[in-house]
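Okay, so here's the structure we're looking at.
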Amino acid sequence: MRITKLTTYRVPPRWMFLKIDTDEGVVGWGEPVIEGRARTVEAAVHELSEYVVGQDPSRINDLWQLMYRAGFYRGGAILMSALAGIDQALWDIKGKVLGQPVHELLGGLVRDRMKVYSWVGGDRPADVINDIRRMREGGFDTFKMNGTEEMAIVDSARKVDEAVARIAEIREAFGHEIEFGIDFHGRVAAPMAKPLLKALEPYRPLFVEEPVLAEQAEYYPRLAEQTTIPLAAGERMYSRFEFKRVFAAGGIAIIQPDLSHAGGITECVKIAAMAEAHDVALAPHCPLGPVALAACLAVDFVSHNAVLQEQSMGIHYNQGAELLDFVTNREDFHIEDGFIRPLLKPGLGVEIDEQRVIEASRHAPDWRNPVWRHADGSVAEW
């Protein structure tokens with residue numbers, strides 16, 4: 001069997017699908033994208049295709065190393081996201097050829113079902129109570145929300161009090177019927193992270209995500225020493241080589257690699273194993289589409305330290321399409337009591353409605369995240 005062609009489809013709301021064809025008619029699907037930089041990743045996918053067209057798709061490890069090492073410059077959001085989508089599609093092909101789901105090829109299940117959580121509250125954390133009530137009706141009991149709006153490097157007590165009051169309202173409304181993580185989203189700089197974490201401690205969130213930006217990772221162990229809240233990070237880290245420095249320094253309790261950004265299944269299985277060796281939990285980042293979620297689940301179901309799985313059903317970014325709009329086997333993604341079962345069909349276990357993908361790709365928007373500014377006019381972290 002040989003790879004014959006790579007085809008990309010940018011689709012709403014902000015996703016991109018990749019189809020890899022072979023000369024024996026078996027196809028694989030991947031989801032390479034950087035939210036807001038889909039065209040850039042698309043160009044990288046087609047540049048990397050020069051390494052894989054004509055090759056045997058079963059040699060996933062060799063092809064991964066070829067794409068990673070042969071171009072001399074490596075790593076980073078764009079190249080690793082392009083590589084990730086190709087890797088996902090290769091695993092999809094291998095599973096289909098062998099008639100097995102990818103988790104079986106990775107050694108088999110370590111659990112029967114996986115805990116999933118839902119986003120609530122939008123970019124600016126508002127109306128969280130009603131969002132939680134709505135999602136509770138859908139069977140969710142675990143959530144994540146943005147913790148703050150814009151926050152300056154050194155900001156006011158009012159900003160801290162507003163963020164904490166919102167969390168206090170959630171605990172008052174729901175008690176311990178639900179659990180939730182709080183995403184600082186890189187909006188909080190180190191001087192404000194310390195007082196915010198201290199003020200949030202009484203409300204016992206599951207975790208605080210990106211307490212500071214990944215490029216300020218030296219603060220992770222310092223902040224961890226000052227709080228009882230588990231700290232999470234990893235969506236803007238793209239290889240095991242970045243994660244190894246964080247593991248060595250300590251401070252992070254939960255890692256959140258993105259299966260569409262951090263080199264795909266091949267790389268994230270290794271990152272998960274490194275995390276387990278450091279007694280760190282795994283909760284893959286995934287505010288994306290169905291192929292990305294299927295790839296995450298393949299890793300979750302073979303990783304003993306996997307604790308939570310993000311998914312994008314009903315997320316505020318989904319304007320123009322929803323998670324299962326491009327899927328024909330929707331029933332396999334059913335969530336019950338806040339858990340999802342392993343996908344059992346061969347490959348990644350997601351059956352893509354190709355005609356719908358093609359049609360949607362004809363009018364795909366170029367999604368961009370909003371640009372925020374502080375009161376003084378300087379650019380704020382979104």
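Residues are referred to by chain and number: the chain letter is A, B, ... according to the order shown in the structure tokens, the number counts from 1 in that chain, and ligands are numbered separately from 1 in the order shown.
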
Problem - strand (DSSP E) positions in segment 146-353 of chain A, given as a VMD selection string - result: chain A and resid 146 179 to 183 208 to 209 231 to 233 254 to 255 281 to 282 309 to 310 335 to 336 339 to 340

Exercise for the section: Within 6 Å of segment 87-104 of chain A, counting only C-alpha atoms, which residues show up once you throw out same-chain ones fewer than 6 positions away? Write them as a list in words, please. Expected result: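 Within the cut-off, the hits are Val27, Gly28, Trp29, Gly30, Pro57, Ser58, Gly264, Ala298, Leu344, Lys345, Pro346, Gly347 and Leu348 of chain A.
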
Practice task
Within 7 Å of Phe143 of chain A, counting only C-alpha atoms, which residues show up once you throw out same-chain ones fewer than 6 positions away? Write them as a list in words, please.
Solution key: Tyr117, Ser118, Trp119, Val120, Glu179, Phe180 and Gly181 of chain A

Give me, as a Markdown table, the closest atom pair and its distance (Å, one decimal) for every residue of segment 109-153 of chain A within a cut-off of 6 Å of segment 323-340 of chain A, counting only C-alpha atoms, rows sorted by chain and rising number.
```
| residue | atom | partner | partner_atom | distance |
| --- | --- | --- | --- | --- |
| A:Arg113 | CA | A:Ile340 | CA | 5.5 |
| A:Met114 | CA | A:Phe339 | CA | 5.2 |
| A:Lys115 | CA | A:Phe339 | CA | 4.5 |
| A:Val116 | CA | A:Phe339 | CA | 5.6 |
| A:Gly139 | CA | A:Asp337 | CA | 5.0 |
| A:Phe140 | CA | A:Gly338 | CA | 4.6 |
```

Problem - Selection: 9 Å around segment 319-322 of chain A, only C-alpha atoms, excl. self and same-chain fewer than 4 positions, as a PyMOL selection string - result: chain A and resi 11-14+289+312-315+326

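Taking atom CA of Arg236 of chain A as the reference point, atom CA of Asn61 of chain A is found at 23.4 Å.
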
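Considering the residues A:Pro290, A:Gly251, A:Gly108, A:Pro205 and counting only C-alpha atoms, Glu351 of chain A has its shortest atom-to-atom contact with A:Pro290.
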